[in-house]
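Trainee: Okay, so here is upload-v4.pdb, and as you'll see once you scroll down, it has PDB, C-alpha atoms.
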```pdb
MODEL        1
ATOM      1  CA  MET A   1      35.766  10.256  26.560
ATOM      2  CA  LYS A   2      34.956   9.212  30.125
ATOM      3  CA  THR A   3      31.391   8.318  31.038
ATOM      4  CA  LYS A   4      29.955  10.063  34.083
ATOM      5  CA  VAL A   5      29.215   7.612  36.862
ATOM      6  CA  LYS A   6      26.493   8.201  39.464
ATOM      7  CA  VAL A   7      27.625   7.227  42.945
ATOM      8  CA  PHE A   8      25.531   6.445  46.006
ATOM      9  CA  LYS A   9      24.807   9.388  48.292
ATOM     10  CA  ASN A  10      23.732   8.855  51.888
ATOM     11  CA  LEU A  11      20.979  10.996  53.442
ATOM     12  CA  ASP A  12      23.404  13.555  54.886
ATOM     13  CA  GLU A  13      25.036  13.967  51.478
ATOM     14  CA  GLN A  14      21.650  14.298  49.773
ATOM     15  CA  ILE A  15      20.701  17.069  52.208
ATOM     16  CA  GLU A  16      24.013  18.871  51.560
ATOM     17  CA  ILE A  17      23.470  18.746  47.794
ATOM     18  CA  LEU A  18      20.059  20.370  48.176
ATOM     19  CA  LYS A  19      21.381  23.006  50.596
ATOM     20  CA  ASN A  20      24.301  23.803  48.295
ATOM     21  CA  ARG A  21      21.785  24.461  45.535
ATOM     22  CA  GLY A  22      20.106  27.022  47.773
ATOM     23  CA  LEU A  23      17.199  24.997  49.164
ATOM     24  CA  VAL A  24      16.106  26.092  52.641
ATOM     25  CA  ILE A  25      15.738  23.063  54.936
ATOM     26  CA  ASN A  26      14.221  24.026  58.293
ATOM     27  CA  ASP A  27      13.796  20.500  59.686
ATOM     28  CA  ILE A  28      16.680  18.267  58.576
ATOM     29  CA  ASP A  29      15.429  15.199  60.451
ATOM     30  CA  LYS A  30      12.010  15.415  58.795
ATOM     31  CA  ALA A  31      13.566  16.040  55.373
ATOM     32  CA  GLU A  32      15.826  12.996  55.717
ATOM     33  CA  LYS A  33      12.882  10.787  56.636
ATOM     34  CA  LEU A  34      10.935  11.983  53.604
ATOM     35  CA  LEU A  35      13.911  11.496  51.291
ATOM     36  CA  LEU A  36      14.346   7.955  52.582
ATOM     37  CA  ARG A  37      10.676   7.100  52.269
ATOM     38  CA  GLU A  38       9.944   8.779  48.942
ATOM     39  CA  ASN A  39      13.311   8.528  47.134
ATOM     40  CA  TYR A  40      15.678  11.492  46.811
ATOM     41  CA  PHE A  41      15.996  11.225  43.041
ATOM     42  CA  PHE A  42      12.211  11.294  42.598
ATOM     43  CA  ILE A  43      11.650  14.304  44.865
ATOM     44  CA  ASN A  44      14.662  16.029  43.263
ATOM     45  CA  GLY A  45      12.915  15.573  39.902
ATOM     46  CA  TYR A  46      10.483  18.314  40.904
ATOM     47  CA  ARG A  47      13.212  20.934  41.415
ATOM     48  CA  HIS A  48      13.103  22.352  37.874
ATOM     49  CA  ILE A  49      10.110  24.603  38.439
ATOM     50  CA  PHE A  50      11.966  26.235  41.380
ATOM     51  CA  LEU A  51      15.279  26.857  39.603
ATOM     52  CA  ARG A  52      16.451  30.392  38.851
ATOM     53  CA  ASN A  53      17.034  29.536  35.198
ATOM     54  CA  HIS A  54      17.826  26.591  32.929
ATOM     55  CA  LYS A  55      21.587  27.153  33.005
ATOM     56  CA  GLU A  56      22.357  27.070  36.716
ATOM     57  CA  ASN A  57      21.088  24.371  39.042
ATOM     58  CA  LYS A  58      20.241  26.815  41.836
ATOM     59  CA  PHE A  59      16.911  27.275  43.581
ATOM     60  CA  VAL A  60      15.070  30.588  43.587
ATOM     61  CA  ASP A  61      15.999  32.446  46.775
ATOM     62  CA  GLY A  62      13.843  31.362  49.715
ATOM     63  CA  THR A  63      12.668  28.056  48.236
ATOM     64  CA  THR A  64      11.996  25.613  51.064
ATOM     65  CA  PHE A  65      12.065  21.843  51.215
ATOM     66  CA  GLU A  66       8.384  21.998  52.214
ATOM     67  CA  GLU A  67       7.556  23.764  48.936
ATOM     68  CA  LEU A  68       9.513  21.241  46.887
ATOM     69  CA  TYR A  69       7.736  18.419  48.689
ATOM     70  CA  ALA A  70       4.369  20.160  48.188
ATOM     71  CA  VAL A  71       4.775  19.922  44.388
ATOM     72  CA  PHE A  72       5.727  16.269  44.805
ATOM     73  CA  GLN A  73       2.536  15.704  46.853
ATOM     74  CA  PHE A  74       0.425  17.634  44.354
ATOM     75  CA  ASP A  75       1.673  15.485  41.500
ATOM     76  CA  ARG A  76       0.894  12.334  43.473
ATOM     77  CA  SER A  77      -2.667  13.518  44.129
ATOM     78  CA  PHE A  78      -3.086  14.702  40.538
ATOM     79  CA  ARG A  79      -1.711  11.404  39.241
ATOM     80  CA  ASN A  80      -4.222   9.452  41.349
ATOM     81  CA  ILE A  81      -7.121  11.596  40.102
ATOM     82  CA  LEU A  82      -5.971  11.157  36.513
ATOM     83  CA  PHE A  83      -5.391   7.426  36.920
ATOM     84  CA  LYS A  84      -8.881   6.879  38.323
ATOM     85  CA  ASN A  85     -10.431   8.583  35.308
ATOM     86  CA  LEU A  86      -8.182   6.853  32.796
ATOM     87  CA  LEU A  87      -9.369   3.524  34.220
ATOM     88  CA  ILE A  88     -12.953   4.645  33.554
ATOM     89  CA  VAL A  89     -12.026   5.514  29.968
ATOM     90  CA  GLU A  90     -10.199   2.197  29.551
ATOM     91  CA  ASN A  91     -13.173   0.211  30.824
ATOM     92  CA  ASN A  92     -15.640   2.146  28.642
ATOM     93  CA  LEU A  93     -13.520   1.644  25.541
ATOM     94  CA  LYS A  94     -13.128  -2.080  26.203
ATOM     95  CA  SER A  95     -16.891  -2.394  26.657
ATOM     96  CA  ILE A  96     -17.724  -0.508  23.448
ATOM     97  CA  ILE A  97     -15.182  -2.401  21.325
ATOM     98  CA  SER A  98     -16.204  -5.809  22.702
ATOM     99  CA  TYR A  99     -19.914  -5.060  22.213
ATOM    100  CA  HIS A 100     -19.452  -3.961  18.610
ATOM    101  CA  LEU A 101     -17.170  -6.815  17.578
ATOM    102  CA  SER A 102     -19.225  -9.459  19.396
ATOM    103  CA  LYS A 103     -22.449  -8.259  17.801
ATOM    104  CA  LYS A 104     -20.882  -8.319  14.331
ATOM    105  CA  TYR A 105     -18.536 -11.316  14.431
ATOM    106  CA  GLY A 106     -19.776 -13.658  17.169
ATOM    107  CA  ILE A 107     -19.038 -14.501  20.797
ATOM    108  CA  LYS A 108     -16.468 -17.295  20.447
ATOM    109  CA  GLU A 109     -12.811 -16.431  20.017
ATOM    110  CA  LYS A 110     -12.536 -18.749  16.993
ATOM    111  CA  ASP A 111     -15.121 -16.470  15.347
ATOM    112  CA  TYR A 112     -14.273 -12.934  16.505
ATOM    113  CA  LEU A 113     -10.494 -13.416  16.240
ATOM    114  CA  LYS A 114     -10.513 -14.457  12.585
ATOM    115  CA  PRO A 115      -7.953 -12.406  10.608
ATOM    116  CA  SER A 116     -10.663 -11.749   8.006
ATOM    117  CA  ASN A 117     -12.525  -9.655  10.606
ATOM    118  CA  PHE A 118      -9.705  -7.143  10.713
ATOM    119  CA  SER A 119      -7.935  -4.756   8.363
ATOM    120  CA  GLN A 120      -7.360  -6.256   4.918
ATOM    121  CA  ASP A 121      -4.735  -3.658   4.042
ATOM    122  CA  VAL A 122      -1.772  -5.631   2.656
ATOM    123  CA  LYS A 123       0.579  -3.350   4.607
ATOM    124  CA  LYS A 124      -1.077  -4.463   7.851
ATOM    125  CA  ILE A 125      -1.165  -8.237   7.355
ATOM    126  CA  ARG A 126       1.822  -8.832   9.611
ATOM    127  CA  GLN A 127       0.553  -6.382  12.235
ATOM    128  CA  VAL A 128      -2.884  -8.055  12.264
ATOM    129  CA  ASN A 129      -1.339 -11.480  12.817
ATOM    130  CA  ASP A 130       1.027 -10.181  15.515
ATOM    131  CA  VAL A 131      -1.755  -8.482  17.493
ATOM    132  CA  LEU A 132      -4.127 -11.460  17.227
ATOM    133  CA  ASN A 133      -1.353 -13.800  18.381
ATOM    134  CA  LYS A 134      -0.749 -11.541  21.397
ATOM    135  CA  VAL A 135      -4.446 -11.654  22.262
ATOM    136  CA  LYS A 136      -4.584 -15.448  21.931
ATOM    137  CA  ARG A 137      -1.465 -15.723  24.084
ATOM    138  CA  GLN A 138      -3.252 -13.836  26.857
ATOM    139  CA  ILE A 139      -5.986 -16.477  26.853
ATOM    140  CA  LYS A 140      -3.409 -19.266  27.139
ATOM    141  CA  LEU A 141      -1.308 -17.570  29.813
ATOM    142  CA  ASN A 142      -3.995 -15.953  31.958
ATOM    143  CA  GLY A 143      -7.299 -17.536  30.959
ATOM    144  CA  ARG A 144      -7.407 -19.919  33.906
ATOM    145  CA  GLN A 145      -6.075 -17.426  36.446
ATOM    146  CA  HIS A 146      -9.149 -15.170  36.371
ATOM    147  CA  SER A 147     -12.482 -16.346  37.751
ATOM    148  CA  ALA A 148     -14.590 -14.994  34.870
ATOM    149  CA  THR A 149     -12.445 -16.445  32.067
ATOM    150  CA  LEU A 150     -12.039 -19.705  33.993
ATOM    151  CA  HIS A 151     -15.832 -19.935  34.352
ATOM    152  CA  TYR A 152     -16.379 -19.611  30.603
ATOM    153  CA  LEU A 153     -13.534 -21.935  29.661
ATOM    154  CA  SER A 154     -14.658 -24.591  32.145
ATOM    155  CA  ASN A 155     -18.381 -24.417  31.376
ATOM    156  CA  TYR A 156     -18.557 -23.354  27.738
ATOM    157  CA  GLY A 157     -15.103 -23.979  26.277
ATOM    158  CA  TYR A 158     -14.617 -20.436  24.999
ATOM    159  CA  VAL A 159     -14.044 -16.881  26.247
ATOM    160  CA  PRO A 160     -16.378 -14.160  24.924
ATOM    161  CA  LEU A 161     -14.717 -10.879  23.990
ATOM    162  CA  TRP A 162     -16.490  -8.898  26.723
ATOM    163  CA  ILE A 163     -14.705 -11.148  29.225
ATOM    164  CA  LEU A 164     -11.417 -11.399  27.307
ATOM    165  CA  VAL A 165     -10.910  -7.607  27.272
ATOM    166  CA  LYS A 166     -10.401  -7.746  31.035
ATOM    167  CA  LEU A 167      -7.145  -9.587  30.345
ATOM    168  CA  LEU A 168      -5.957  -7.014  27.825
ATOM    169  CA  SER A 169      -3.928  -3.940  28.749
ATOM    170  CA  PHE A 170      -4.869  -0.459  27.558
ATOM    171  CA  GLY A 171      -1.840  -0.683  25.272
ATOM    172  CA  MET A 172      -3.159  -3.873  23.702
ATOM    173  CA  ILE A 173      -6.588  -2.291  23.230
ATOM    174  CA  ASN A 174      -4.757   0.491  21.374
ATOM    175  CA  GLU A 175      -3.142  -2.136  19.139
ATOM    176  CA  LEU A 176      -6.479  -3.889  18.626
ATOM    177  CA  TYR A 177      -8.165  -0.652  17.547
ATOM    178  CA  SER A 178      -5.339   0.032  15.088
ATOM    179  CA  ILE A 179      -6.038  -3.211  13.156
ATOM    180  CA  LEU A 180      -9.834  -2.905  12.983
ATOM    181  CA  LYS A 181     -11.541  -2.531   9.639
ATOM    182  CA  PRO A 182     -12.245   1.125   8.746
ATOM    183  CA  GLU A 183     -16.002   0.660   9.131
ATOM    184  CA  ASP A 184     -15.573  -0.844  12.613
ATOM    185  CA  LYS A 185     -13.275   1.998  13.678
ATOM    186  CA  LEU A 186     -15.917   4.418  12.411
ATOM    187  CA  SER A 187     -18.706   2.792  14.446
ATOM    188  CA  ILE A 188     -16.610   3.034  17.627
ATOM    189  CA  ALA A 189     -15.384   6.582  16.948
ATOM    190  CA  GLN A 190     -18.942   7.772  16.294
ATOM    191  CA  TYR A 191     -19.893   6.798  19.835
ATOM    192  CA  TYR A 192     -17.463   9.502  21.040
ATOM    193  CA  ASN A 193     -18.395  11.952  18.254
ATOM    194  CA  LEU A 194     -14.801  11.791  17.035
ATOM    195  CA  ASP A 195     -13.262  10.931  13.698
ATOM    196  CA  VAL A 196     -11.409   7.641  13.328
ATOM    197  CA  GLU A 197      -7.903   9.126  13.232
ATOM    198  CA  THR A 198      -8.466  11.418  16.226
ATOM    199  CA  LEU A 199      -9.778   8.575  18.395
ATOM    200  CA  GLY A 200      -6.733   6.513  17.416
ATOM    201  CA  ILE A 201      -4.418   9.330  18.548
ATOM    202  CA  TYR A 202      -6.390   9.724  21.783
ATOM    203  CA  ILE A 203      -6.275   6.022  22.644
ATOM    204  CA  GLY A 204      -2.503   5.913  22.151
ATOM    205  CA  LEU A 205      -1.868   8.992  24.302
ATOM    206  CA  LEU A 206      -4.335   8.006  27.027
ATOM    207  CA  SER A 207      -2.682   4.588  27.178
ATOM    208  CA  ASN A 208       0.703   6.284  27.531
ATOM    209  CA  TYR A 209      -0.495   8.415  30.441
ATOM    210  CA  ARG A 210      -2.172   5.436  32.058
ATOM    211  CA  ASN A 211       1.202   3.695  32.179
ATOM    212  CA  LEU A 212       2.922   6.807  33.552
ATOM    213  CA  CYS A 213       0.357   6.948  36.349
ATOM    214  CA  ALA A 214       0.594   3.237  37.095
ATOM    215  CA  HIS A 215       4.379   3.448  37.468
ATOM    216  CA  GLU A 216       4.281   6.658  39.540
ATOM    217  CA  ASP A 217       6.292   8.697  37.061
ATOM    218  CA  ILE A 218       6.316  12.503  37.164
ATOM    219  CA  VAL A 219       3.116  13.446  35.350
ATOM    220  CA  TYR A 220       2.126  17.069  35.934
ATOM    221  CA  ASP A 221       4.629  18.524  33.434
ATOM    222  CA  HIS A 222       4.951  15.529  31.090
ATOM    223  CA  ARG A 223       5.070  16.199  27.365
ATOM    224  CA  THR A 224       4.275  13.651  24.657
ATOM    225  CA  GLN A 225       5.953  13.386  21.265
ATOM    226  CA  LYS A 226       2.627  13.199  19.444
ATOM    227  CA  GLN A 227       0.216  16.136  19.511
ATOM    228  CA  ILE A 228      -3.565  16.027  19.519
ATOM    229  CA  PRO A 229      -5.381  17.738  16.628
ATOM    230  CA  ASP A 230      -6.768  21.244  17.169
ATOM    231  CA  THR A 231     -10.235  21.212  18.752
ATOM    232  CA  ARG A 232     -13.036  23.692  19.289
ATOM    233  CA  TYR A 233     -11.958  23.847  22.931
ATOM    234  CA  HIS A 234      -8.671  25.452  21.923
ATOM    235  CA  ARG A 235     -10.605  28.118  20.034
ATOM    236  CA  LEU A 236     -13.395  28.674  22.583
ATOM    237  CA  LEU A 237     -10.917  29.025  25.457
ATOM    238  CA  ASP A 238      -8.995  31.521  23.325
ATOM    239  CA  ILE A 239      -5.734  29.681  23.931
ATOM    240  CA  PRO A 240      -2.823  31.824  22.669
ATOM    241  CA  MET A 241      -0.916  30.799  19.561
ATOM    242  CA  MET A 242       2.727  30.973  18.533
ATOM    243  CA  ASN A 243       3.859  30.267  14.976
ATOM    244  CA  ASP A 244       0.277  29.220  14.136
ATOM    245  CA  GLU A 245       0.330  26.559  16.885
ATOM    246  CA  TYR A 246      -1.627  26.611  20.113
ATOM    247  CA  VAL A 247       0.678  27.118  23.098
ATOM    248  CA  TYR A 248      -1.358  24.904  25.434
ATOM    249  CA  GLY A 249      -3.386  21.737  25.043
ATOM    250  CA  LYS A 250      -1.440  19.986  22.293
ATOM    251  CA  ASN A 251       1.094  17.596  23.889
ATOM    252  CA  ASP A 252       0.850  18.569  27.560
ATOM    253  CA  ILE A 253      -1.374  17.762  30.519
ATOM    254  CA  PHE A 254      -4.090  20.119  29.272
ATOM    255  CA  ALA A 255      -4.245  17.997  26.124
ATOM    256  CA  ILE A 256      -5.251  15.152  28.444
ATOM    257  CA  VAL A 257      -7.951  17.387  29.946
ATOM    258  CA  ILE A 258      -9.278  18.102  26.445
ATOM    259  CA  MET A 259      -9.304  14.395  25.617
ATOM    260  CA  LEU A 260     -11.091  13.501  28.842
ATOM    261  CA  LYS A 261     -13.692  16.175  28.068
ATOM    262  CA  GLN A 262     -14.570  14.192  24.951
ATOM    263  CA  VAL A 263     -14.415  10.624  26.252
ATOM    264  CA  LEU A 264     -15.779  10.874  29.822
ATOM    265  CA  ASN A 265     -19.438  11.439  30.618
ATOM    266  CA  GLU A 266     -20.396  14.907  31.843
ATOM    267  CA  ASN A 267     -20.601  14.053  35.556
ATOM    268  CA  ASP A 268     -17.289  12.199  35.639
ATOM    269  CA  PHE A 269     -15.560  15.049  33.824
ATOM    270  CA  LEU A 270     -17.011  17.659  36.174
ATOM    271  CA  ASP A 271     -15.806  15.634  39.171
ATOM    272  CA  PHE A 272     -12.364  15.451  37.561
ATOM    273  CA  ILE A 273     -12.185  19.238  37.081
ATOM    274  CA  ASN A 274     -13.365  19.923  40.639
ATOM    275  CA  GLU A 275     -10.833  17.506  42.150
ATOM    276  CA  VAL A 276      -7.926  18.965  40.154
ATOM    277  CA  SER A 277      -9.025  22.508  41.043
ATOM    278  CA  TYR A 278      -9.084  21.572  44.732
ATOM    279  CA  GLU A 279      -5.545  20.162  44.579
ATOM    280  CA  LEU A 280      -4.257  23.240  42.738
ATOM    281  CA  ASN A 281      -5.779  25.524  45.375
ATOM    282  CA  LEU A 282      -4.170  23.392  48.076
ATOM    283  CA  LEU A 283      -0.799  23.682  46.334
ATOM    284  CA  ASP A 284      -1.214  27.437  45.946
ATOM    285  CA  GLY A 285      -1.476  27.732  49.733
ATOM    286  CA  ARG A 286       1.704  25.729  50.244
ATOM    287  CA  VAL A 287       3.987  27.357  47.659
ATOM    288  CA  ASN A 288       4.877  31.038  48.036
ATOM    289  CA  VAL A 289       8.209  31.419  46.256
ATOM    290  CA  ILE A 290       6.723  31.040  42.748
ATOM    291  CA  PRO A 291       3.286  32.159  41.483
ATOM    292  CA  GLN A 292       0.653  29.577  40.582
ATOM    293  CA  GLU A 293       0.691  30.915  37.020
ATOM    294  CA  LYS A 294       4.156  29.390  36.625
ATOM    295  CA  ILE A 295       2.892  25.991  37.779
ATOM    296  CA  LEU A 296      -0.109  26.195  35.428
ATOM    297  CA  ASP A 297       2.191  27.173  32.559
ATOM    298  CA  ARG A 298       4.443  24.187  33.249
ATOM    299  CA  MET A 299       1.396  21.917  33.162
ATOM    300  CA  GLY A 300       0.202  23.501  29.925
ATOM    301  CA  PHE A 301      -2.910  24.918  31.606
ATOM    302  CA  PRO A 302      -4.289  28.240  30.327
ATOM    303  CA  TYR A 303      -5.363  30.702  33.043
ATOM    304  CA  ASN A 304      -9.054  29.947  32.307
ATOM    305  CA  TRP A 305      -8.602  26.160  32.163
ATOM    306  CA  GLU A 306     -11.614  25.425  34.397
ATOM    307  CA  ASN A 307     -13.972  27.014  31.850
ATOM    308  CA  ILE A 308     -13.697  23.880  29.725
ATOM    309  CA  ALA A 309     -16.215  22.283  32.098
ATOM    310  CA  ASP A 310     -18.871  24.801  30.951
ATOM    311  CA  ILE A 311     -18.377  24.368  27.206
TER     312      ILE A 311
ENDMDL
END
```
Let me see whether you can do it: turn the structure in this file into structure tokens.
Mentor:
Amino acid sequence: MKTKVKVFKNLDEQIEILKNRGLVINDIDKAEKLLLRENYFFINGYRHIFLRNHKENKFVDGTTFEELYAVFQFDRSFRNILFKNLLIVENNLKSIISYHLSKKYGIKEKDYLKPSNFSQDVKKIRQVNDVLNKVKRQIKLNGRQHSATLHYLSNYGYVPLWILVKLLSFGMINELYSILKPEDKLSIAQYYNLDVETLGIYIGLLSNYRNLCAHEDIVYDHRTQKQIPDTRYHRLLDIPMMNDEYVYGKNDIFAIVIMLKQVLNENDFLDFINEVSYELNLLDGRVNVIPQEKILDRMGFPYNWENIADI
């Protein structure tokens, strides 16, 4: 069986591919410049919402390059809004975890990084050691490259956890939470009025989306393998169900909205909703060939998605 091989396509060839699929290109020179600057394969990744059906790779009649590019621009703006708020969540979580562990176990890494401070489940012994070794490695590799950690190492000979967390990625914070003792997980989860397991799911998914945003992946229609548990927001928004499962807000972008509702403060969340609403209205004015309901559906947004701000 022969493996398909992707071959390089110059700008003229890229334009022809799009035109052959039925895309209307009114300004070829402008389109070529955008394809060169933004990457054809990335822009082309937004075509799916404009296709006639899943079987044929043809655009809905009348679809223009400007409309395709408008969805690309919307996702970029949405991604930046999401990223900004995920950084807030990341910083808050790091602060809460470092405060709790420092208060309970001490401020020197030789004290707060003792294996005995973490899960004593025999099934997690290896995981605990692996995560703690990763954290210690960050101190060795990056401790003297950051002004705050360098200050503490040079003047005190140790790095307190509230400084160390600045060196740790969101993914590593996720790993750190997973090895905490049950009572420590509970103390942190209670701050968010969430149960221990739900917060663990949230941290993992929020970390995943943070990485998608940081690497400029397509975000607006991303789906995760893991679902969030049902919440009161699903019920209060009267989200439709199919086969006893909510159609929206489980493993889609609206699931992220639901999570942010629970981990951001009220003002930050309201700003988030208003900014996303503004970008959606902007997109609605730029795309005519498909209704906004189709875009919302692809994102996993119910028609009344903005009402979550008032709950």
Trainee: Could you check the closest approach to A:Phe50 for each of A:Tyr233, A:Asn304, A:Lys294, A:Asn80 and tell me which residue wins, using only C-alpha atoms?
Mentor: A:Lys294
Trainee: I need every residue sitting at most 12 Å from the point (-15.7, -1.1, 11.3) (coordinates as in the file, all atoms listed in the file considered), written as a PyMOL selection string.
Mentor: chain A and resi 97+100-101+103-105+117-120+177-190+196
Trainee: Would you mind reading off the distance between atom CA of A:Glu13 and atom CA of A:Tyr40, one decimal, in Å?
Mentor: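 A separation of 10.7 Å between them.
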Trainee: What is the distance between atom CA of A:Lys19 and atom CA of A:Glu66, in Å to one decimal?
Mentor: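 If I compute the distance from atom CA of A:Lys19 to atom CA of A:Glu66, I get 13.1 Å.
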Trainee: Check which residues satisfy the PyMOL selection byres ((chain A and resi 310) around 12) in the file shown, then give them as a list in words.
Mentor: Tyr233, Leu236, Leu237, Lys261, Glu266, Asn267, Phe269, Leu270, Ile273, Asn304, Trp305, Glu306, Asn307, Ile308, Ala309 and Ile311 of chain A
Trainee: So which residues touch stretch 287-290 of chain A within 7 Å, counting all atoms listed in the file, skipping near sequence neighbours fewer than 5 positions away, as an NGL selection string?
Mentor: :A and (62-63 or 67)
Trainee: Under the rule that only C-alpha atoms are counted, which of A:Asn91, A:Asn57, A:Asn39, A:Thr231 is the nearest residue to A:Tyr69?
Mentor: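 The shortest atom-to-atom distance to A:Tyr69 comes from A:Asn39.
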Trainee: Leaving out A:Leu87 and any residue of its chain fewer than 6 positions from it, which residues lie within 12 Å of it when counting only C-alpha atoms, given as a list in words?
Mentor: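 Listing them by chain and then by number gives Asn80, Ile81, Leu93, Lys94, Lys166, Ser169, Phe170, Leu206, Ser207, Tyr209, Arg210, Asn211, Cys213, Ala214, Leu260, Val263, Leu264 and Asp268 of chain A.
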Trainee: Please indicate the distance in Å from atom CA of A:Asp61 to atom CA of A:Val247, rounded to one decimal place.
Mentor: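 Between atom CA of A:Asp61 and atom CA of A:Val247 the gap works out to 28.7 Å.
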Trainee: For stretch 252-257 of chain A, find every residue with an atom within 6 Å (counting only C-alpha atoms), except residues of its own chain fewer than 5 positions away, and show them as a PyMOL selection string.
Mentor: chain A and resi 223+299-301
Trainee: Calculated over all atoms listed in the file, which of the candidates A:Pro240, A:Gly200, A:Gly285, A:Pro291 has the smallest distance to A:Met259?
Mentor: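 Of all the options, A:Gly200 lies closest to A:Met259.
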Trainee: Using only C-alpha atoms, which of A:Asn133, A:His146, A:Val71, A:His222 sits nearest A:Arg286?
Mentor: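 Of A:Asn133, A:His146, A:Val71, A:His222, the one nearest A:Arg286 is A:Val71, counting only C-alpha atoms.
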Trainee: Can you fill out stretch 179-194 of chain A with N, CA and C atoms and hand it back as a PDB file, keeping the file's coordinate frame?
Mentor:
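Result went into result_4.pdb, see below:
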```pdb
ATOM      1  N   ILE A 179      -5.913  -2.208  14.233  1.00  0.00           N
ATOM      2  CA  ILE A 179      -6.038  -3.211  13.156  1.00  0.00           C
ATOM      3  C   ILE A 179      -7.494  -3.468  12.769  1.00  0.00           C
ATOM      4  N   LEU A 180      -8.432  -2.727  13.345  1.00  0.00           N
ATOM      5  CA  LEU A 180      -9.834  -2.905  12.983  1.00  0.00           C
ATOM      6  C   LEU A 180     -10.079  -2.461  11.549  1.00  0.00           C
ATOM      7  N   LYS A 181     -11.130  -2.998  10.951  1.00  0.00           N
ATOM      8  CA  LYS A 181     -11.541  -2.531   9.639  1.00  0.00           C
ATOM      9  C   LYS A 181     -12.007  -1.077   9.757  1.00  0.00           C
ATOM     10  N   PRO A 182     -11.848  -0.286   8.701  1.00  0.00           N
ATOM     11  CA  PRO A 182     -12.245   1.125   8.746  1.00  0.00           C
ATOM     12  C   PRO A 182     -13.686   1.332   9.210  1.00  0.00           C
ATOM     13  N   GLU A 183     -14.600   0.480   8.751  1.00  0.00           N
ATOM     14  CA  GLU A 183     -16.002   0.660   9.131  1.00  0.00           C
ATOM     15  C   GLU A 183     -16.239   0.368  10.612  1.00  0.00           C
ATOM     16  N   ASP A 184     -15.437  -0.556  11.185  1.00  0.00           N
ATOM     17  CA  ASP A 184     -15.573  -0.844  12.613  1.00  0.00           C
ATOM     18  C   ASP A 184     -14.973   0.285  13.456  1.00  0.00           C
ATOM     19  N   LYS A 185     -13.848   0.829  13.005  1.00  0.00           N
ATOM     20  CA  LYS A 185     -13.275   1.998  13.678  1.00  0.00           C
ATOM     21  C   LYS A 185     -14.285   3.146  13.685  1.00  0.00           C
ATOM     22  N   LEU A 186     -14.960   3.329  12.552  1.00  0.00           N
ATOM     23  CA  LEU A 186     -15.917   4.418  12.411  1.00  0.00           C
ATOM     24  C   LEU A 186     -17.070   4.263  13.394  1.00  0.00           C
ATOM     25  N   SER A 187     -17.587   3.044  13.530  1.00  0.00           N
ATOM     26  CA  SER A 187     -18.706   2.792  14.446  1.00  0.00           C
ATOM     27  C   SER A 187     -18.316   3.115  15.887  1.00  0.00           C
ATOM     28  N   ILE A 188     -17.086   2.783  16.263  1.00  0.00           N
ATOM     29  CA  ILE A 188     -16.610   3.034  17.627  1.00  0.00           C
ATOM     30  C   ILE A 188     -16.333   4.523  17.828  1.00  0.00           C
ATOM     31  N   ALA A 189     -15.707   5.149  16.846  1.00  0.00           N
ATOM     32  CA  ALA A 189     -15.384   6.582  16.948  1.00  0.00           C
ATOM     33  C   ALA A 189     -16.648   7.430  17.016  1.00  0.00           C
ATOM     34  N   GLN A 190     -17.692   7.003  16.304  1.00  0.00           N
ATOM     35  CA  GLN A 190     -18.942   7.772  16.294  1.00  0.00           C
ATOM     36  C   GLN A 190     -19.579   7.825  17.677  1.00  0.00           C
ATOM     37  N   TYR A 191     -19.353   6.794  18.481  1.00  0.00           N
ATOM     38  CA  TYR A 191     -19.893   6.798  19.835  1.00  0.00           C
ATOM     39  C   TYR A 191     -19.359   8.000  20.614  1.00  0.00           C
ATOM     40  N   TYR A 192     -18.102   8.376  20.357  1.00  0.00           N
ATOM     41  CA  TYR A 192     -17.463   9.502  21.040  1.00  0.00           C
ATOM     42  C   TYR A 192     -17.585  10.813  20.264  1.00  0.00           C
ATOM     43  N   ASN A 193     -18.288  10.780  19.128  1.00  0.00           N
ATOM     44  CA  ASN A 193     -18.395  11.952  18.254  1.00  0.00           C
ATOM     45  C   ASN A 193     -17.022  12.450  17.805  1.00  0.00           C
ATOM     46  N   LEU A 194     -16.148  11.494  17.511  1.00  0.00           N
ATOM     47  CA  LEU A 194     -14.801  11.791  17.035  1.00  0.00           C
ATOM     48  C   LEU A 194     -14.583  11.124  15.690  1.00  0.00           C
TER      49      LEU A 194
END
```
